[in-house]
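Dropping entry.csv in here (CSV, C-alpha atoms):
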chain,number,residue,atom,x,y,z
A,405,MET,CA,-62.6,-51.1,83.7
A,406,ASN,CA,-59.4,-52.3,82.1
A,407,GLY,CA,-57.8,-49.0,81.0
A,408,PRO,CA,-54.7,-47.5,82.6
A,409,GLU,CA,-55.4,-46.0,86.0
A,410,ILE,CA,-55.1,-42.2,86.1
A,411,TYR,CA,-53.1,-41.0,89.1
A,412,SER,CA,-53.3,-37.2,88.8
A,413,THR,CA,-53.5,-34.3,86.3
A,414,ILE,CA,-50.6,-31.9,86.0
A,415,PHE,CA,-51.1,-28.7,83.8
A,416,GLY,CA,-53.8,-30.4,81.7
A,417,PHE,CA,-51.8,-33.6,81.1
A,418,GLN,CA,-52.9,-36.8,82.7
A,419,LEU,CA,-50.3,-38.7,84.7
A,420,THR,CA,-51.5,-42.3,84.0
A,421,GLU,CA,-50.2,-45.7,84.8
A,422,THR,CA,-48.7,-45.8,81.3
A,423,VAL,CA,-46.4,-42.8,81.9
A,424,VAL,CA,-45.1,-44.1,85.3
A,425,ASN,CA,-44.4,-47.6,83.9
A,426,THR,CA,-42.6,-46.1,81.0
A,427,TRP,CA,-40.3,-44.2,83.4
A,428,ILE,CA,-39.6,-47.4,85.4
A,429,ILE,CA,-38.8,-49.3,82.2
A,430,MET,CA,-36.5,-46.4,81.0
A,431,ALA,CA,-34.6,-46.5,84.3
A,432,ILE,CA,-34.1,-50.3,84.1
A,433,ALA,CA,-33.1,-50.2,80.4
A,434,PHE,CA,-30.7,-47.3,81.1
A,435,VAL,CA,-29.0,-49.2,83.9
A,436,ILE,CA,-28.7,-52.4,81.9
A,437,PHE,CA,-27.3,-50.8,78.8
A,438,TYR,CA,-24.9,-48.5,80.8
A,439,ALA,CA,-23.5,-51.6,82.5
A,440,LEU,CA,-23.0,-53.3,79.1
A,441,THR,CA,-20.7,-50.6,77.7
A,442,ARG,CA,-18.2,-50.1,80.5
A,443,ASN,CA,-14.6,-51.3,80.3
A,444,LEU,CA,-14.7,-52.3,76.6
A,445,LYS,CA,-11.6,-54.2,75.5
A,446,ALA,CA,-10.5,-54.2,71.9
A,447,GLU,CA,-7.9,-57.0,72.3
A,448,GLY,CA,-7.6,-60.0,74.5
A,449,ARG,CA,-10.5,-61.9,75.8
A,450,PRO,CA,-13.6,-59.7,76.3
A,451,GLY,CA,-15.7,-60.3,79.3
A,452,LEU,CA,-19.3,-61.6,79.4
A,453,ALA,CA,-21.0,-58.3,79.2
A,454,GLN,CA,-19.1,-57.2,76.2
A,455,SER,CA,-19.7,-60.5,74.4
A,456,MET,CA,-23.4,-60.2,75.0
A,457,GLY,CA,-23.5,-56.6,73.8
A,458,GLU,CA,-21.6,-57.5,70.7
A,459,MET,CA,-23.9,-60.4,70.0
A,460,VAL,CA,-27.0,-58.2,70.1
A,461,VAL,CA,-25.5,-55.5,67.9
A,462,THR,CA,-24.2,-58.0,65.3
A,463,THR,CA,-27.5,-59.8,65.1
A,464,MET,CA,-29.4,-56.5,64.5
A,465,ASP,CA,-26.8,-55.4,61.9
A,466,ASN,CA,-27.2,-58.7,60.0
A,467,LEU,CA,-31.0,-58.3,60.1
A,468,VAL,CA,-30.8,-54.7,58.8
A,469,GLY,CA,-28.3,-55.8,56.1
A,470,SER,CA,-30.5,-58.6,54.8
A,471,SER,CA,-33.8,-56.8,54.9
A,472,MET,CA,-32.9,-53.3,53.7
A,473,GLY,CA,-29.7,-53.9,51.7
A,474,LYS,CA,-26.1,-53.1,52.4
A,475,ASP,CA,-26.3,-49.5,51.4
A,476,LYS,CA,-28.8,-48.5,54.2
A,477,MET,CA,-26.9,-49.5,57.3
A,478,GLN,CA,-27.4,-46.1,58.9
A,479,PHE,CA,-30.8,-47.2,60.0
A,480,GLY,CA,-29.4,-49.9,62.2
A,481,ALA,CA,-29.2,-47.8,65.4
A,482,TYR,CA,-32.8,-46.6,65.3
A,483,MET,CA,-34.0,-50.1,64.5
A,484,LEU,CA,-32.1,-51.6,67.5
A,485,SER,CA,-33.5,-48.9,69.8
A,486,LEU,CA,-37.1,-49.5,68.5
A,487,MET,CA,-36.8,-53.3,69.0
A,488,MET,CA,-35.3,-53.0,72.5
A,489,PHE,CA,-37.9,-50.5,73.6
A,490,LEU,CA,-40.7,-52.7,72.3
A,491,ILE,CA,-39.3,-55.9,73.8
A,492,PHE,CA,-38.8,-54.2,77.2
A,493,CYS,CA,-42.2,-52.7,77.2
A,494,ASN,CA,-44.0,-55.9,76.2
A,495,ILE,CA,-42.2,-58.1,78.6
A,496,SER,CA,-43.0,-56.0,81.6
A,497,GLY,CA,-45.9,-58.3,82.5
A,498,PHE,CA,-43.2,-60.6,84.1
A,499,ILE,CA,-42.2,-57.8,86.5
A,500,GLY,CA,-45.8,-57.1,87.5
A,501,LEU,CA,-46.3,-53.8,85.6
A,502,ARG,CA,-49.2,-53.1,83.2
A,503,ALA,CA,-47.5,-53.0,79.8
A,504,PRO,CA,-47.2,-49.4,78.4
A,505,THR,CA,-47.8,-50.7,74.9
A,506,ALA,CA,-51.3,-51.8,76.0
A,507,ASP,CA,-52.2,-48.2,75.6
A,508,LEU,CA,-53.1,-46.9,72.2
A,509,ASN,CA,-51.2,-43.6,72.7
A,510,VAL,CA,-47.8,-45.4,72.8
A,511,THR,CA,-48.3,-47.6,69.8
A,512,SER,CA,-49.8,-44.8,67.7
A,513,THR,CA,-46.8,-42.6,68.5
A,514,LEU,CA,-44.4,-45.3,67.2
A,515,ALA,CA,-46.6,-45.8,64.1
A,516,ILE,CA,-46.6,-42.1,63.4
A,517,MET,CA,-42.8,-42.0,63.7
A,518,THR,CA,-42.6,-44.8,61.2
A,519,PHE,CA,-44.9,-43.0,58.8
A,520,CYS,CA,-42.8,-39.8,59.0
A,521,MET,CA,-39.6,-41.8,58.5
A,522,ILE,CA,-41.0,-43.6,55.4
A,523,HIS,CA,-42.0,-40.4,53.6
A,524,TYR,CA,-39.0,-38.3,54.7
A,525,SER,CA,-36.4,-40.8,53.5
A,526,SER,CA,-38.4,-41.5,50.3
A,527,ILE,CA,-38.4,-37.8,49.4
A,528,LYS,CA,-34.8,-37.4,50.4
A,529,ALA,CA,-33.6,-40.3,48.3
A,530,ASN,CA,-35.8,-39.8,45.2
A,531,GLY,CA,-36.6,-36.2,45.0
A,532,ILE,CA,-40.1,-34.8,45.1
A,533,LYS,CA,-41.0,-35.4,41.4
A,534,ARG,CA,-40.4,-39.1,41.4
A,535,TYR,CA,-42.0,-39.4,44.8
A,536,ALA,CA,-45.2,-37.7,43.6
A,537,LYS,CA,-45.2,-39.7,40.3
A,538,GLU,CA,-45.4,-43.0,42.3
A,539,TYR,CA,-49.0,-42.2,43.3
A,540,ILE,CA,-50.2,-42.0,39.7
A,541,GLU,CA,-48.2,-45.1,38.8
A,542,PRO,CA,-50.4,-47.8,37.2
A,543,LEU,CA,-53.5,-45.7,36.4
A,544,PRO,CA,-54.3,-42.1,37.4
A,545,PHE,CA,-57.7,-42.8,38.7
A,546,LEU,CA,-56.2,-45.0,41.4
A,547,LEU,CA,-54.9,-41.9,43.2
A,548,PRO,CA,-57.3,-42.0,46.2
A,549,MET,CA,-56.6,-45.7,46.7
A,550,ASN,CA,-52.9,-45.1,46.8
A,551,ILE,CA,-53.2,-42.2,49.3
A,552,LEU,CA,-55.5,-44.3,51.5
A,553,GLU,CA,-53.0,-47.2,51.4
A,554,GLN,CA,-50.3,-44.9,52.8
A,555,PHE,CA,-52.6,-44.0,55.7
A,556,THR,CA,-53.8,-47.5,56.6
A,557,LEU,CA,-50.2,-48.8,57.0
A,558,PRO,CA,-49.4,-47.0,60.3
A,559,LEU,CA,-53.0,-47.5,61.4
A,560,SER,CA,-52.8,-51.2,61.2
A,561,MET,CA,-49.3,-51.4,62.7
A,562,GLY,CA,-50.4,-49.4,65.7
A,563,PHE,CA,-53.5,-51.4,66.2
A,564,ARG,CA,-51.8,-54.8,65.8
A,565,VAL,CA,-49.5,-54.3,68.9
A,566,PHE,CA,-52.2,-52.6,70.9
A,567,GLY,CA,-54.8,-55.3,70.2
A,568,ASN,CA,-52.5,-58.2,71.0
A,569,LEU,CA,-51.3,-56.8,74.3
A,570,THR,CA,-54.7,-55.5,75.5
A,571,GLY,CA,-56.2,-58.9,74.7
A,572,GLY,CA,-53.4,-60.4,76.9
A,573,VAL,CA,-54.2,-58.0,79.7
A,574,ILE,CA,-57.9,-58.7,79.7
A,575,ILE,CA,-57.5,-62.5,79.5
A,576,MET,CA,-54.9,-62.5,82.4
A,577,GLY,CA,-57.2,-60.3,84.4
A,578,LEU,CA,-60.1,-62.7,83.9
A,579,VAL,CA,-58.0,-65.7,84.8
A,580,TYR,CA,-56.7,-64.1,88.0
A,581,GLY,CA,-60.2,-63.0,88.9
A,582,ALA,CA,-61.6,-66.5,88.4
A,583,LEU,CA,-58.9,-68.2,90.4
A,584,SER,CA,-58.8,-65.6,93.2
A,585,GLU,CA,-60.5,-68.0,95.7
A,586,ALA,CA,-58.5,-71.2,94.9
A,587,MET,CA,-55.2,-70.8,96.6
A,588,TYR,CA,-53.1,-73.5,94.9
A,589,LEU,CA,-54.6,-73.5,91.5
A,590,GLY,CA,-54.1,-69.7,91.3
A,591,LEU,CA,-50.4,-70.3,91.5
A,592,ILE,CA,-50.0,-73.0,88.9
A,593,ILE,CA,-52.5,-72.3,86.1
A,594,PRO,CA,-51.4,-68.7,85.1
A,595,ILE,CA,-47.8,-69.8,84.6
A,596,PRO,CA,-48.1,-71.2,81.0
A,597,LEU,CA,-50.5,-68.4,80.1
A,598,HIS,CA,-47.8,-65.9,81.2
A,599,PHE,CA,-45.2,-67.6,79.1
A,600,TYR,CA,-47.5,-67.3,76.1
A,601,PHE,CA,-48.8,-63.8,76.5
A,602,ASP,CA,-45.8,-62.0,78.0
A,603,GLY,CA,-43.1,-64.1,76.4
A,604,PHE,CA,-44.1,-65.3,72.9
A,605,VAL,CA,-46.6,-62.7,71.8
A,606,ALA,CA,-44.4,-59.9,73.2
A,607,ALA,CA,-41.3,-60.9,71.3
A,608,LEU,CA,-43.3,-61.7,68.2
A,609,GLN,CA,-45.1,-58.4,68.0
A,610,ALA,CA,-41.9,-56.4,68.6
A,611,PHE,CA,-40.1,-58.4,65.8
A,612,VAL,CA,-43.0,-57.9,63.4
A,613,PHE,CA,-43.3,-54.2,64.0
A,614,THR,CA,-39.6,-53.7,63.4
A,615,MET,CA,-39.5,-55.9,60.3
A,616,LEU,CA,-42.5,-54.0,58.8
A,617,THR,CA,-40.8,-50.7,59.5
A,618,MET,CA,-37.6,-51.9,57.8
A,619,VAL,CA,-39.4,-53.4,54.8
A,620,PHE,CA,-41.5,-50.3,54.1
A,621,ILE,CA,-38.7,-47.8,54.5
A,622,SER,CA,-36.5,-49.7,52.1
A,623,LYS,CA,-39.4,-50.1,49.7
A,624,GLY,CA,-40.1,-46.4,49.8
A,625,MET,CA,-36.4,-45.5,49.1
A,626,ASP,CA,-35.9,-48.0,46.3
A,627,GLN,CA,-38.7,-47.0,44.0
B,627,MET,CA,-92.6,-58.4,63.6
B,628,PHE,CA,-93.2,-60.4,66.7
B,629,LEU,CA,-89.6,-59.5,67.7
B,630,LEU,CA,-90.3,-55.8,67.5
B,631,THR,CA,-93.5,-56.0,69.6
B,632,PHE,CA,-91.6,-58.1,72.1
B,633,LEU,CA,-88.8,-55.6,72.3
B,634,SER,CA,-91.0,-52.5,72.5
B,635,GLN,CA,-92.1,-53.4,75.9
B,636,PHE,CA,-88.7,-52.8,77.4
B,637,ASP,CA,-86.8,-49.7,78.2
B,638,GLY,CA,-84.7,-48.3,75.3
B,639,LEU,CA,-81.4,-48.4,77.3
B,640,THR,CA,-81.9,-52.1,78.1
B,641,VAL,CA,-82.5,-53.0,74.5
B,642,ILE,CA,-79.3,-51.1,73.5
B,643,LYS,CA,-77.3,-53.0,76.2
B,644,ALA,CA,-78.6,-56.3,75.0
B,645,ALA,CA,-77.9,-55.6,71.4
B,646,SER,CA,-74.4,-54.4,72.2
B,647,SER,CA,-73.6,-57.7,74.0
B,648,ILE,CA,-74.9,-59.8,71.1
B,649,GLY,CA,-72.9,-57.6,68.7
B,650,ALA,CA,-69.7,-58.0,70.7
B,651,GLY,CA,-70.0,-61.8,70.3
B,652,LEU,CA,-70.8,-61.6,66.6
B,653,ALA,CA,-67.8,-59.3,66.0
B,654,MET,CA,-65.4,-62.2,67.1
B,655,ILE,CA,-66.6,-64.4,64.2
B,656,SER,CA,-63.6,-62.9,62.4
B,657,GLY,CA,-61.5,-65.4,64.2
B,658,ILE,CA,-62.4,-68.0,61.6
B,659,GLY,CA,-60.5,-66.1,58.8
B,660,CYS,CA,-57.6,-65.5,61.1
B,661,GLY,CA,-57.3,-69.2,61.9
B,662,ILE,CA,-57.5,-70.3,58.3
B,663,GLY,CA,-54.9,-67.8,57.2
B,664,GLN,CA,-52.4,-68.5,59.9
B,665,GLY,CA,-52.8,-72.3,59.4
B,666,PHE,CA,-52.3,-72.0,55.7
B,667,ALA,CA,-49.0,-70.0,56.3
B,668,GLY,CA,-47.9,-72.7,58.8
B,669,GLY,CA,-48.6,-75.5,56.3
B,670,LYS,CA,-46.7,-73.8,53.5
B,671,ALA,CA,-43.8,-73.2,55.8
B,672,ALA,CA,-43.8,-76.9,56.7
B,673,ASP,CA,-43.8,-77.8,53.0
B,674,ALA,CA,-40.8,-75.5,52.4
B,675,VAL,CA,-38.8,-76.9,55.3
B,676,GLY,CA,-39.4,-80.4,53.9
B,677,LEU,CA,-38.1,-79.3,50.5
B,678,ARG,CA,-35.0,-77.3,51.6
B,679,PRO,CA,-34.1,-78.1,55.3
B,680,GLU,CA,-31.0,-75.8,55.2
B,681,CYS,CA,-33.1,-72.6,55.0
B,682,LEU,CA,-34.9,-73.2,58.3
B,683,GLY,CA,-34.1,-69.8,59.9
B,684,LEU,CA,-35.3,-67.7,57.0
B,685,ILE,CA,-38.5,-69.8,56.6
B,686,ILE,CA,-39.4,-69.4,60.2
B,687,LYS,CA,-38.9,-65.6,60.1
B,688,THR,CA,-41.1,-65.4,56.9
B,689,MET,CA,-43.8,-67.6,58.4
B,690,LEU,CA,-44.0,-65.5,61.6
B,691,ILE,CA,-44.3,-62.2,59.7
B,692,GLY,CA,-47.0,-63.6,57.4
B,693,ALA,CA,-48.9,-65.1,60.4
B,694,ALA,CA,-48.8,-61.8,62.3
B,695,THR,CA,-50.1,-59.9,59.3
B,696,ALA,CA,-52.9,-62.3,58.9
B,697,GLN,CA,-53.9,-61.8,62.5
B,698,THR,CA,-54.6,-58.1,61.9
B,699,CYS,CA,-58.2,-58.6,60.8
B,700,ASN,CA,-59.0,-60.6,64.0
B,701,ILE,CA,-57.5,-57.8,66.0
B,702,PHE,CA,-59.8,-55.3,64.3
B,703,GLY,CA,-62.8,-57.5,65.3
B,704,LEU,CA,-61.4,-57.6,68.9
B,705,ILE,CA,-61.2,-53.8,69.0
B,706,VAL,CA,-64.9,-53.6,68.0
B,707,ALA,CA,-65.9,-56.1,70.6
B,708,LEU,CA,-63.9,-54.3,73.3
B,709,LEU,CA,-65.4,-51.0,72.3
B,710,LEU,CA,-68.9,-52.3,72.5
B,711,LEU,CA,-68.4,-53.8,75.9
B,712,PHE,CA,-66.2,-51.3,77.7
B,713,ALA,CA,-66.4,-47.9,76.0
B,714,ASN,CA,-69.8,-48.0,74.3
B,715,PRO,CA,-70.6,-44.8,72.5
B,716,LEU,CA,-74.3,-45.6,72.2
B,717,LEU,CA,-74.9,-45.6,75.9
B,718,GLY,CA,-73.0,-42.4,76.5
Represent the structure of the file as structure tokens.
Amino acid sequence: MNGPEIYSTIFGFQLTETVVNTWIIMAIAFVIFYALTRNLKAEGRPGLAQSMGEMVVTTMDNLVGSSMGKDKMQFGAYMLSLMMFLIFCNISGFIGLRAPTADLNVTSTLAIMTFCMIHYSSIKANGIKRYAKEYIEPLPFLLPMNILEQFTLPLSMGFRVFGNLTGGVIIMGLVYGALSEAMYLGLIIPIPLHFYFDGFVAALQAFVFTMLTMVFISKGMDQ
Amino acid sequence: MFLLTFLSQFDGLTVIKAASSIGAGLAMISGIGCGIGQGFAGGKAADAVGLRPECLGLIIKTMLIGAATAQTCNIFGLIVALLLLFANPLLG
């Protein structure tokens, strides 16, 4: 009843509402970020677009520097892309689209990418012997627990974003359905609910996902 | 025992639907733990701001991360309730 609507099936893949909304958000984000990087000036007074772009990049660099340490600044680009993608996807309730991250496929993809990044950078920074020794660290019979802990991390990260946004979609659907007959109440009551579900929860979940990614990558590389 | 004789006079599918609805409501009792955990995090953050008011930004960031992590168990309960209501494997 509340899942994404399937439009058609092409070569065995389903063209759902999630895919089409992701294309629309990609187009909007591409236009915005293309317009932010035209006519950059190194001296003199920069314009409004350049100042906003510099503010965003500097904030993210400070966040990466304070969470992961100054020697891992090369992750800043990926973290900024991840955060911008999540913020744009979660906020799309304001534009009238069903949020793409309210679909378990999208959040599981991002969680699997985080899982691969954690283990790849841990093996690359520590070598495979020290990486394998970490699993037997306190006592050897805790090996199944340590392996299970590595798998529940991306599982819980994916489910956190999916659960919060799907809860928002269902509650807003119920509120709109209940107020569908009252003409004036239906315009006023959903407004603070939209501010909470599509503004606060969206930004918070994007921020928490990115912070957890940064903390676990730096923890895996520093052992 | 009286409950079983009462339920045996209905169709099996109806009993499964009724039990799923009650189970979906019971699954959301996990909201109690979530509320206690997030309220505790907020209280500790308020204490910390009262002790060192110049660290407000860092305290707010830490509190939000802790609160969102405490909300995970409630989300697992919500997933179980949504599964029972909308994508029930027992009715399939």
Residues of chain A near chain B: apply a cut-off of 8 Å, count all atoms listed in the file, and supply the list as an mmCIF file with C-alpha atoms, in the coordinates of the input.
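out_15.cif was written with the following content:
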data_model
loop_
_atom_site.group_PDB
_atom_site.id
_atom_site.type_symbol
_atom_site.label_atom_id
_atom_site.label_comp_id
_atom_site.auth_asym_id
_atom_site.auth_seq_id
_atom_site.Cartn_x
_atom_site.Cartn_y
_atom_site.Cartn_z
ATOM 1 C CA MET A 405 -62.600 -51.100 83.700
ATOM 2 C CA SER A 560 -52.800 -51.200 61.200
ATOM 3 C CA PHE A 563 -53.500 -51.400 66.200
ATOM 4 C CA ARG A 564 -51.800 -54.800 65.800
ATOM 5 C CA GLY A 567 -54.800 -55.300 70.200
ATOM 6 C CA ASN A 568 -52.500 -58.200 71.000
ATOM 7 C CA GLY A 571 -56.200 -58.900 74.700
ATOM 8 C CA LEU A 608 -43.300 -61.700 68.200
ATOM 9 C CA GLN A 609 -45.100 -58.400 68.000
ATOM 10 C CA VAL A 612 -43.000 -57.900 63.400
ATOM 11 C CA MET A 615 -39.500 -55.900 60.300
#
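Atom pair atom CA of Thr631 of chain B / atom CA of Met654 of chain B has a distance of 28.9 Å (rounded to one decimal).
Straight-line separation from atom CA of Gly473 of chain A to atom CA of Lys623 of chain A: 10.6 Å.
Proximity ranking of A:Gly581, A:Val468, A:Ala433, A:Phe566 relative to Ala515 of chain A places A:Phe566 first, based on only C-alpha atoms.
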*Suppose you want the space between atom CA of Gly651 of chain B and atom CA of Ala707 of chain B; what is it in Å?*
7.0 Å
_My list of candidates is A:Thr441, A:Ser455, A:Leu501, A:Glu447. Which is closest to Thr426 of chain A when distances are computed with only C-alpha atoms?_
A:Leu501
*Could you pull the residues within 12 Å of Ile648 of chain B, counting all atoms listed in the file, minus those fewer than 6 positions along the same chain, as a PyMOL selection string?*
chain B and resi 641-642+654-655+707+710-711
*Excluding Ser525 of chain A and any residue of its chain fewer than 2 positions from it, enumerate the residues within 12 Å of it, using only C-alpha atoms, and give them as number ranges by chain.*
A: 476, 478-479, 518-523, 527-532, 535, 618, 620-627
*What's the 12 Å shell around Ala645 of chain B, counting all atoms listed in the file, without same-chain residues fewer than 6 positions away, as a list in words?*
Leu633, Gly638, Leu639, Gly651, Leu652, Leu710, Leu711, Asn714, Leu716 and Leu717 of chain B
Suppose we keep C-alpha atoms; can you now write the selection as a short mmCIF file (atom, residue, chain, number, x, y, z; two decimals), in the coordinates of the input?
data_model
loop_
_atom_site.label_atom_id
_atom_site.label_comp_id
_atom_site.auth_asym_id
_atom_site.auth_seq_id
_atom_site.Cartn_x
_atom_site.Cartn_y
_atom_site.Cartn_z
CA LEU B 633 -88.80 -55.60 72.30
CA GLY B 638 -84.70 -48.30 75.30
CA LEU B 639 -81.40 -48.40 77.30
CA GLY B 651 -70.00 -61.80 70.30
CA LEU B 652 -70.80 -61.60 66.60
CA LEU B 710 -68.90 -52.30 72.50
CA LEU B 711 -68.40 -53.80 75.90
CA ASN B 714 -69.80 -48.00 74.30
CA LEU B 716 -74.30 -45.60 72.20
CA LEU B 717 -74.90 -45.60 75.90
#
*asked:* I'd like the contact shell of Met477 of chain A - 10 Å cut-off, only C-alpha atoms, skipping same-chain residues fewer than 6 positions apart - returned as a list of chain:residue names.
replied: A:Asp465, A:Asn466, A:Val468, A:Gly469
Generate the missing atoms of segment 668-696 of chain B up to N, CA and C atoms and report them as a PDB file, in the frame of the given file.
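Here's the written file result09.pdb:
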ATOM      1  N   GLY B 668     -48.649 -71.658  58.090  1.00  0.00           N
ATOM      2  CA  GLY B 668     -47.900 -72.700  58.800  1.00  0.00           C
ATOM      3  C   GLY B 668     -47.679 -73.925  57.890  1.00  0.00           C
ATOM      4  N   GLY B 669     -48.736 -74.292  57.141  1.00  0.00           N
ATOM      5  CA  GLY B 669     -48.600 -75.500  56.300  1.00  0.00           C
ATOM      6  C   GLY B 669     -47.639 -75.251  55.140  1.00  0.00           C
ATOM      7  N   LYS B 670     -47.677 -74.060  54.545  1.00  0.00           N
ATOM      8  CA  LYS B 670     -46.700 -73.800  53.500  1.00  0.00           C
ATOM      9  C   LYS B 670     -45.302 -73.736  53.994  1.00  0.00           C
ATOM     10  N   ALA B 671     -45.109 -73.248  55.246  1.00  0.00           N
ATOM     11  CA  ALA B 671     -43.800 -73.200  55.800  1.00  0.00           C
ATOM     12  C   ALA B 671     -43.276 -74.663  56.053  1.00  0.00           C
ATOM     13  N   ALA B 672     -44.191 -75.553  56.488  1.00  0.00           N
ATOM     14  CA  ALA B 672     -43.800 -76.900  56.700  1.00  0.00           C
ATOM     15  C   ALA B 672     -43.380 -77.596  55.361  1.00  0.00           C
ATOM     16  N   ASP B 673     -44.127 -77.281  54.290  1.00  0.00           N
ATOM     17  CA  ASP B 673     -43.800 -77.800  53.000  1.00  0.00           C
ATOM     18  C   ASP B 673     -42.367 -77.323  52.572  1.00  0.00           C
ATOM     19  N   ALA B 674     -42.105 -76.026  52.814  1.00  0.00           N
ATOM     20  CA  ALA B 674     -40.800 -75.500  52.400  1.00  0.00           C
ATOM     21  C   ALA B 674     -39.671 -76.058  53.167  1.00  0.00           C
ATOM     22  N   VAL B 675     -39.877 -76.315  54.468  1.00  0.00           N
ATOM     23  CA  VAL B 675     -38.800 -76.900  55.300  1.00  0.00           C
ATOM     24  C   VAL B 675     -38.540 -78.332  54.794  1.00  0.00           C
ATOM     25  N   GLY B 676     -39.610 -79.061  54.387  1.00  0.00           N
ATOM     26  CA  GLY B 676     -39.400 -80.400  53.900  1.00  0.00           C
ATOM     27  C   GLY B 676     -38.631 -80.407  52.565  1.00  0.00           C
ATOM     28  N   LEU B 677     -38.792 -79.336  51.780  1.00  0.00           N
ATOM     29  CA  LEU B 677     -38.100 -79.300  50.500  1.00  0.00           C
ATOM     30  C   LEU B 677     -36.672 -78.840  50.602  1.00  0.00           C
ATOM     31  N   ARG B 678     -36.394 -77.833  51.484  1.00  0.00           N
ATOM     32  CA  ARG B 678     -35.000 -77.300  51.600  1.00  0.00           C
ATOM     33  C   ARG B 678     -34.719 -77.143  53.099  1.00  0.00           C
ATOM     34  N   PRO B 679     -34.268 -78.188  53.799  1.00  0.00           N
ATOM     35  CA  PRO B 679     -34.100 -78.100  55.300  1.00  0.00           C
ATOM     36  C   PRO B 679     -33.010 -77.110  55.688  1.00  0.00           C
ATOM     37  N   GLU B 680     -32.131 -76.674  54.778  1.00  0.00           N
ATOM     38  CA  GLU B 680     -31.000 -75.800  55.200  1.00  0.00           C
ATOM     39  C   GLU B 680     -31.477 -74.354  55.370  1.00  0.00           C
ATOM     40  N   CYS B 681     -32.692 -74.001  54.937  1.00  0.00           N
ATOM     41  CA  CYS B 681     -33.100 -72.600  55.000  1.00  0.00           C
ATOM     42  C   CYS B 681     -34.079 -72.402  56.196  1.00  0.00           C
ATOM     43  N   LEU B 682     -33.915 -73.162  57.272  1.00  0.00           N
ATOM     44  CA  LEU B 682     -34.900 -73.200  58.300  1.00  0.00           C
ATOM     45  C   LEU B 682     -35.105 -71.793  58.974  1.00  0.00           C
ATOM     46  N   GLY B 683     -34.012 -71.047  59.248  1.00  0.00           N
ATOM     47  CA  GLY B 683     -34.100 -69.800  59.900  1.00  0.00           C
ATOM     48  C   GLY B 683     -34.953 -68.761  59.126  1.00  0.00           C
ATOM     49  N   LEU B 684     -34.627 -68.652  57.835  1.00  0.00           N
ATOM     50  CA  LEU B 684     -35.300 -67.700  57.000  1.00  0.00           C
ATOM     51  C   LEU B 684     -36.790 -68.060  56.809  1.00  0.00           C
ATOM     52  N   ILE B 685     -37.070 -69.401  56.736  1.00  0.00           N
ATOM     53  CA  ILE B 685     -38.500 -69.800  56.600  1.00  0.00           C
ATOM     54  C   ILE B 685     -39.271 -69.494  57.803  1.00  0.00           C
ATOM     55  N   ILE B 686     -38.670 -69.707  58.986  1.00  0.00           N
ATOM     56  CA  ILE B 686     -39.400 -69.400  60.200  1.00  0.00           C
ATOM     57  C   ILE B 686     -39.701 -67.926  60.324  1.00  0.00           C
ATOM     58  N   LYS B 687     -38.708 -67.079  59.979  1.00  0.00           N
ATOM     59  CA  LYS B 687     -38.900 -65.600  60.100  1.00  0.00           C
ATOM     60  C   LYS B 687     -40.060 -65.207  59.111  1.00  0.00           C
ATOM     61  N   THR B 688     -40.030 -65.729  57.878  1.00  0.00           N
ATOM     62  CA  THR B 688     -41.100 -65.400  56.900  1.00  0.00           C
ATOM     63  C   THR B 688     -42.444 -65.815  57.367  1.00  0.00           C
ATOM     64  N   MET B 689     -42.496 -67.034  57.944  1.00  0.00           N
ATOM     65  CA  MET B 689     -43.800 -67.600  58.400  1.00  0.00           C
ATOM     66  C   MET B 689     -44.372 -66.706  59.506  1.00  0.00           C
ATOM     67  N   LEU B 690     -43.491 -66.276  60.450  1.00  0.00           N
ATOM     68  CA  LEU B 690     -44.000 -65.500  61.600  1.00  0.00           C
ATOM     69  C   LEU B 690     -44.507 -64.136  61.126  1.00  0.00           C
ATOM     70  N   ILE B 691     -43.810 -63.518  60.154  1.00  0.00           N
ATOM     71  CA  ILE B 691     -44.300 -62.200  59.700  1.00  0.00           C
ATOM     72  C   ILE B 691     -45.620 -62.378  58.966  1.00  0.00           C
ATOM     73  N   GLY B 692     -45.755 -63.424  58.133  1.00  0.00           N
ATOM     74  CA  GLY B 692     -47.000 -63.600  57.400  1.00  0.00           C
ATOM     75  C   GLY B 692     -48.158 -63.932  58.393  1.00  0.00           C
ATOM     76  N   ALA B 693     -47.883 -64.726  59.436  1.00  0.00           N
ATOM     77  CA  ALA B 693     -48.900 -65.100  60.400  1.00  0.00           C
ATOM     78  C   ALA B 693     -49.373 -63.851  61.190  1.00  0.00           C
ATOM     79  N   ALA B 694     -48.432 -62.997  61.577  1.00  0.00           N
ATOM     80  CA  ALA B 694     -48.800 -61.800  62.300  1.00  0.00           C
ATOM     81  C   ALA B 694     -49.591 -60.827  61.493  1.00  0.00           C
ATOM     82  N   THR B 695     -49.277 -60.759  60.189  1.00  0.00           N
ATOM     83  CA  THR B 695     -50.100 -59.900  59.300  1.00  0.00           C
ATOM     84  C   THR B 695     -51.462 -60.410  59.114  1.00  0.00           C
ATOM     85  N   ALA B 696     -51.610 -61.756  59.051  1.00  0.00           N
ATOM     86  CA  ALA B 696     -52.900 -62.300  58.900  1.00  0.00           C
ATOM     87  C   ALA B 696     -53.785 -62.140  60.146  1.00  0.00           C
TER      88      ALA B 696
END
